[in-house]
Amino acid sequence: MFILVNLKTYPCDPVAVAEAVRDVDESTDARIGVAPQATHLERVAETGAETWAQHVDPIEYGSNTGHTLAESVADAGAVGTLINHSEHRLKLADIDGAVRAASRTDLETVVCANNPAQVGAAAALGPDAVAVEPPELIGTGTPVSQADPEVVEGAVGAAASVDIDVSVLCGAGISTGDDVVSARDLGSEGVLLASGVAKADDPRTALEDLVDPL
């Protein structure tokens, strides 16, 4: 299972969380990554934790003030990027462009989607993975695998019907090891979460609790 921790803009110490990610990753068969803010990418990557960007724009080198260039993200040490998170929505053409931009620099891509229909559309763009995240459950502590397991099963089926090489992650409300196991049992190959680790008093303990049942 792949566990990707999105730090969003939470007031946490990104380096401390990254060190916890690195240490727990070394002690488990699960794969764990962390997605800090763009300004923290290099510091986080220097810890040795698997580092992801929260976003890249569908741009190339040039006049693009205020945008995030995939090459800069890769140079900072990131190995992958989220695209189209529910808090940073893109038009379909821009999702396509961002996936292509990430591909130029060999960044892995996880495209977020709200429901199985959007998962199918995102999978057709050729990302490495899609993450199904009903927005109403994000940050609630109620996982989609519990609130509406058919959404996860539908997302897995939708992606497979388009491209069997596109993995499906389960997001929204993930906070416990049982949530991770439930996501796996529904066909998900990983989870995307944020507050369960980023807002934890002890991120390492929170991560250990996530991977312990695996």
# chains A, B, ... in the order shown; residues from 1 in each chain; ligands from 1

call {"tool": "select_by_dssp", "arguments": {"residues": "region 27-199 of chain A", "states": "helix (DSSP H, G or I)", "output": "PyMOL selection string"}}
result
chain A and resi 38-45+70-75+92-104+116-123+135-137+144-147+149-162+177-185+195-198

call {"tool": "residues_around", "arguments": {"residues": "Gly177 (chain A)", "least_positions_apart": "3", "cutoff": "7 Å", "atoms": "only C-alpha atoms", "output": "PDB file with C-alpha atoms, in the first residue's frame"}}
result
ATOM      1  CA  VAL A 180      -6.206   1.814   5.289  1.00  0.00           C
ATOM      2  CA  VAL A 181      -7.130  -1.877   5.495  1.00  0.00           C
ATOM      3  CA  ASP A 209      -0.864   3.343  13.670  1.00  0.00           C
ATOM      4  CA  LEU A 210      -1.672   3.613   9.955  1.00  0.00           C
ATOM      5  CA  VAL A 211       0.748   0.900   8.859  1.00  0.00           C
ATOM      6  CA  ASP A 212       0.526  -1.412  11.875  1.00  0.00           C
ATOM      7  CA  PRO A 213      -2.465  -3.455  10.586  1.00  0.00           C
TER       8      PRO A 213
END

call {"tool": "residues_around", "arguments": {"residues": "region 86-102 of chain A", "least_positions_apart": "6", "cutoff": "6 Å", "atoms": "only C-alpha atoms", "output": "list in words"}}
result
Asp57, Pro58, Ala70 and Leu125 of chain A

call {"tool": "closest_residue", "arguments": {"among": "A:Ser103, A:Asn6, A:Thr47, A:Ser167", "to": "Arg22 (chain A)", "atoms": "only C-alpha atoms"}}
result
A:Thr47

call {"tool": "closest_residue", "arguments": {"among": "A:Asp165, A:Val191, A:Val44, A:Gly33", "to": "Asp178 (chain A)", "atoms": "only C-alpha atoms"}}
result
A:Val191

call {"tool": "select_by_dssp", "arguments": {"residues": "region 53-179 of chain A", "states": "strand (DSSP E)", "output": "CSV table (one decimal) with C-alpha atoms, in the first residue's frame"}}
result
chain,number,residue,atom,x,y,z
A,53,ALA,CA,4.6,18.3,-4.7
A,80,GLY,CA,5.9,13.0,-7.8
A,81,THR,CA,3.0,15.4,-7.7
A,82,LEU,CA,-0.7,15.7,-6.9
A,83,ILE,CA,-2.9,17.2,-9.6
A,108,GLU,CA,4.8,10.4,-10.8
A,109,THR,CA,1.3,11.7,-10.9
A,110,VAL,CA,-1.8,11.2,-8.8
A,111,VAL,CA,-4.8,12.9,-10.2
A,112,CYS,CA,-7.6,13.6,-7.7
A,113,ALA,CA,-11.3,13.1,-8.6
A,129,ALA,CA,-2.7,6.9,-10.3
A,130,VAL,CA,-6.0,8.5,-9.5
A,131,ALA,CA,-7.3,9.3,-6.0
A,132,VAL,CA,-11.1,9.3,-5.4
A,167,SER,CA,-3.7,2.7,-9.8
A,168,VAL,CA,-6.5,3.9,-7.5
A,169,LEU,CA,-5.9,5.6,-4.2
A,170,CYS,CA,-8.6,6.2,-1.6
A,171,GLY,CA,-8.8,9.6,0.0

call {"tool": "closest_residue", "arguments": {"among": "A:Ala35, A:Met1, A:Ala206, A:Val56", "to": "Arg104 (chain A)", "atoms": "only C-alpha atoms"}}
result
A:Val56

call {"tool": "residues_around", "arguments": {"residues": "Asp75 (chain A)", "least_positions_apart": "3", "cutoff": "12 Å", "atoms": "only C-alpha atoms", "output": "number ranges by chain"}}
result
A: 38, 41-42, 45-46, 51-53, 69-72, 78-80, 105-107

call {"tool": "closest_residue", "arguments": {"among": "A:Asp13, A:Glu153, A:Glu133, A:Asp201", "to": "Ser182 (chain A)", "atoms": "only C-alpha atoms"}}
result
A:Glu153
